[in-house]
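> This is the structure I want to talk about, given as structure tokens.
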Amino acid sequence: MCGRYVIKDDGDIIEIEKILSDIRDKYSGMGVPVKTGDISPADNAPVLSLQGGRPFLSLMKWGFAKWDGKGVIINAKAETASEKMMFSKSLFQRRCVIPSTGFYEWDRQDVKSKPKHRFNVIDSPMLYMAGIYSEHSGGAQKEPITNRFVILTRAANEFVVDIHDRMPVILHKSELVQWLTDYDFAASVMRRDNITLTHEVV
């Protein structure tokens, strides 16, 4: 967890449509596809970070590169991220927000059929996940997408635990800027347990 999430793009959710419109305008002409629907590891996805002291929307690739160059690391445990060399500097200096319209988990109890559950925040079409990112230059090729992000996870709460033992750290919309700017606040968010979720089999 979290190994897949969704960005619903059917025109019904104004908030996500505005994010997608801004991203498409920003990367127009660069030959960078903006994927919607199911978002998988190594995909490019919209991410909100702090640039020049202000929230900044950009595309980043999901997953830190592994030391051996084989595959990517897509999650970081909130409980231990500050102690890990790969994540600690990003946690203190480069926090980010991953906008979505839900995340997926596969039922670990039903090994045979492996039903897919989509989780959402109750009474909201948007679900904002807390993350961290690493900075990379465009290199000699000047690639438009260079930075990479991972999603912070925590022990599952009562709404997820019957399906999976981990879940993303989730932010309320009113908390996004504070998550980006205030480390003490971020640390408190990673410890809390009061997010109410709903889910359905899809």
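Residues in the structure tokens are named by chain (A, B, ... in the order shown) and by number from 1 within that chain; ligands are numbered from 1 in the order shown.
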Show me, as a VMD selection string, the residues that have an atom within 7 Å of A:Thr153 when counting only C-alpha atoms, minus same-chain residues fewer than 5 positions from it.

chain A and resid 75 to 78 166 to 169

> Using N, CA and C atoms, can you export the residues from the last selection as a compact mmCIF listing (two decimals), in the first residue's frame?


```txt
# COMPACT_ATOMS: atom_id res chain seq x y z
N ASN A 75 6.34 3.94 -1.83
CA ASN A 75 5.79 4.38 -0.54
C ASN A 75 6.90 4.56 0.48
N ALA A 76 6.63 5.37 1.49
CA ALA A 76 7.53 5.52 2.63
C ALA A 76 6.68 5.45 3.89
N LYS A 77 7.08 4.66 4.86
CA LYS A 77 6.34 4.54 6.11
C LYS A 77 6.49 5.83 6.92
N ALA A 78 5.37 6.44 7.28
CA ALA A 78 5.41 7.68 8.05
C ALA A 78 6.11 7.48 9.39
N ARG A 166 -2.14 -1.29 5.74
CA ARG A 166 -1.55 0.04 5.54
C ARG A 166 -2.52 0.91 4.74
N MET A 167 -2.33 2.22 4.86
CA MET A 167 -3.13 3.18 4.10
C MET A 167 -2.31 4.45 3.92
N PRO A 168 -2.68 5.31 2.96
CA PRO A 168 -1.95 6.57 2.81
C PRO A 168 -2.25 7.53 3.95
N VAL A 169 -1.30 8.42 4.21
CA VAL A 169 -1.56 9.55 5.10
C VAL A 169 -2.42 10.53 4.31
```

> Out of stretch 37-198 of chain A, which residues get alpha helix (DSSP H) from DSSP, as a VMD selection string?

chain A and resid 88 to 93 176 to 181 183 to 189

> Select, from A:Ile195, A:Val121, A:Leu50, A:Ile74, the residue with the minimum atom-to-atom distance to A:Trp179, counting only C-alpha atoms.

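For A:Trp179, the nearest of the candidates is A:Leu50.
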
> I want to know what sits within 9 Å of A:Tyr5, based on only C-alpha atoms, with residues of the same chain fewer than 2 positions away left out; could you give that as a ChimeraX atom specification?

/A:2-3,7,37-40,100-105,118

> Please dump the current selection as an mmCIF file, in the first residue's frame; keep N, CA, C and O atoms.


```cif
data_model
loop_
_atom_site.group_PDB
_atom_site.id
_atom_site.type_symbol
_atom_site.label_atom_id
_atom_site.label_comp_id
_atom_site.auth_asym_id
_atom_site.auth_seq_id
_atom_site.Cartn_x
_atom_site.Cartn_y
_atom_site.Cartn_z
ATOM 1 N N CYS A 2 0.559 2.249 -0.651
ATOM 2 C CA CYS A 2 -0.520 2.388 -1.622
ATOM 3 C C CYS A 2 0.063 2.115 -3.014
ATOM 4 O O CYS A 2 1.018 2.771 -3.415
ATOM 5 N N GLY A 3 -0.490 1.147 -3.740
ATOM 6 C CA GLY A 3 0.105 0.761 -5.006
ATOM 7 C C GLY A 3 -0.673 1.174 -6.229
ATOM 8 O O GLY A 3 -0.238 0.913 -7.359
ATOM 9 N N ILE A 7 -7.446 8.996 -10.702
ATOM 10 C CA ILE A 7 -7.810 10.380 -11.010
ATOM 11 C C ILE A 7 -8.967 10.313 -11.997
ATOM 12 O O ILE A 7 -8.788 10.024 -13.178
ATOM 13 N N GLY A 37 -7.546 8.250 -14.900
ATOM 14 C CA GLY A 37 -7.982 6.894 -14.583
ATOM 15 C C GLY A 37 -7.057 6.302 -13.531
ATOM 16 O O GLY A 37 -6.615 6.999 -12.618
ATOM 17 N N ASP A 38 -6.737 5.033 -13.671
ATOM 18 C CA ASP A 38 -5.859 4.373 -12.704
ATOM 19 C C ASP A 38 -4.422 4.857 -12.871
ATOM 20 O O ASP A 38 -3.865 4.830 -13.974
ATOM 21 N N ILE A 39 -3.816 5.305 -11.768
ATOM 22 C CA ILE A 39 -2.434 5.779 -11.766
ATOM 23 C C ILE A 39 -1.570 4.696 -11.117
ATOM 24 O O ILE A 39 -1.841 4.252 -10.003
ATOM 25 N N SER A 40 -0.534 4.275 -11.838
ATOM 26 C CA SER A 40 0.325 3.174 -11.403
ATOM 27 C C SER A 40 1.739 3.675 -11.128
ATOM 28 O O SER A 40 2.121 4.759 -11.586
ATOM 29 N N SER A 100 -6.073 13.169 -5.759
ATOM 30 C CA SER A 100 -6.672 12.000 -6.388
ATOM 31 C C SER A 100 -8.175 12.024 -6.162
ATOM 32 O O SER A 100 -8.707 12.900 -5.471
ATOM 33 N N THR A 101 -8.846 11.038 -6.718
ATOM 34 C CA THR A 101 -10.268 10.841 -6.423
ATOM 35 C C THR A 101 -10.482 9.475 -5.779
ATOM 36 O O THR A 101 -11.559 8.906 -5.861
ATOM 37 N N GLY A 102 -9.445 8.963 -5.133
ATOM 38 C CA GLY A 102 -9.563 7.704 -4.401
ATOM 39 C C GLY A 102 -8.306 6.862 -4.537
ATOM 40 O O GLY A 102 -7.507 7.065 -5.445
ATOM 41 N N PHE A 103 -8.125 5.916 -3.599
ATOM 42 C CA PHE A 103 -7.026 4.964 -3.707
ATOM 43 C C PHE A 103 -7.572 3.541 -3.639
ATOM 44 O O PHE A 103 -8.688 3.317 -3.149
ATOM 45 N N TYR A 104 -6.802 2.599 -4.141
ATOM 46 C CA TYR A 104 -7.245 1.207 -4.229
ATOM 47 C C TYR A 104 -6.492 0.311 -3.249
ATOM 48 O O TYR A 104 -5.319 0.545 -2.948
ATOM 49 N N GLU A 105 -7.193 -0.701 -2.791
ATOM 50 C CA GLU A 105 -6.578 -1.812 -2.083
ATOM 51 C C GLU A 105 -7.243 -3.101 -2.545
ATOM 52 O O GLU A 105 -8.427 -3.109 -2.895
ATOM 53 N N ARG A 118 -12.093 0.556 -3.758
ATOM 54 C CA ARG A 118 -11.711 1.956 -3.904
ATOM 55 C C ARG A 118 -12.153 2.718 -2.659
ATOM 56 O O ARG A 118 -13.327 2.696 -2.283
#
```

> When you look at stretch 60-71 of chain A with a cut-off of 7 Å (counting only C-alpha atoms), what residues show up, excluding the ones that are within fewer than 6 positions of it in the same chain? I need them as a list of chain:residue names.

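Result of the neighbour search: A:Pro41, A:Ala42, A:Asp43, A:Asn44, A:Ala45, A:Pro46, A:Val47, A:Ile145, A:Thr146, A:Asn147, A:Arg148, A:Phe149, A:Val150.
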
> For atom CA of A:Pro144 and atom CA of A:Lys8, quote the distance in Å rounded to one decimal.

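So the two atoms, atom CA of A:Pro144 and atom CA of A:Lys8, lie 23.9 Å apart.
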
> Which residues, written as a list of chain:residue names, have at least one atom at most 12 Å from A:Asn157, with only C-alpha atoms counted and residues fewer than 2 positions away on the same chain left out?

A:Thr153, A:Arg154, A:Ala155, A:Phe159, A:Val160, A:Val161, A:Asp162, A:Ile163, A:His164, A:Asp165, A:Arg166, A:Met167, A:Pro168, A:Val169, A:Ile170, A:Arg191, A:Arg192, A:Asp193, A:Asn194, A:Ile195, A:Thr196, A:Leu197, A:Thr198

> For a test of reading the model, state the distance in Å between atom CA of A:Lys89 and atom CA of A:Leu59, rounded to one decimal.

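Straight-line distance from atom CA of A:Lys89 to atom CA of A:Leu59 works out to 20.6 Å.
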
> Could you write out, as JSON, numbers by chain, all the residues of chain A that DSSP marks as strand (DSSP E or B)?

{"A": [5, 6, 7, 37, 38, 39, 44, 45, 46, 47, 48, 49, 50, 51, 54, 55, 56, 57, 58, 59, 60, 61, 62, 64, 65, 72, 73, 75, 76, 77, 95, 96, 97, 98, 99, 100, 103, 104, 105, 106, 116, 117, 118, 119, 120, 121, 127, 128, 129, 130, 131, 132, 133, 134, 148, 149, 150, 151, 152, 153, 154, 155, 166, 167, 168, 170, 171, 197, 198, 199, 200, 201]}

> Provide the atom CA of A:Asp25 to atom CA of A:Glu175 distance in Å, to one decimal place.

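Pair atom CA of A:Asp25 / atom CA of A:Glu175 returns 25.8 Å.
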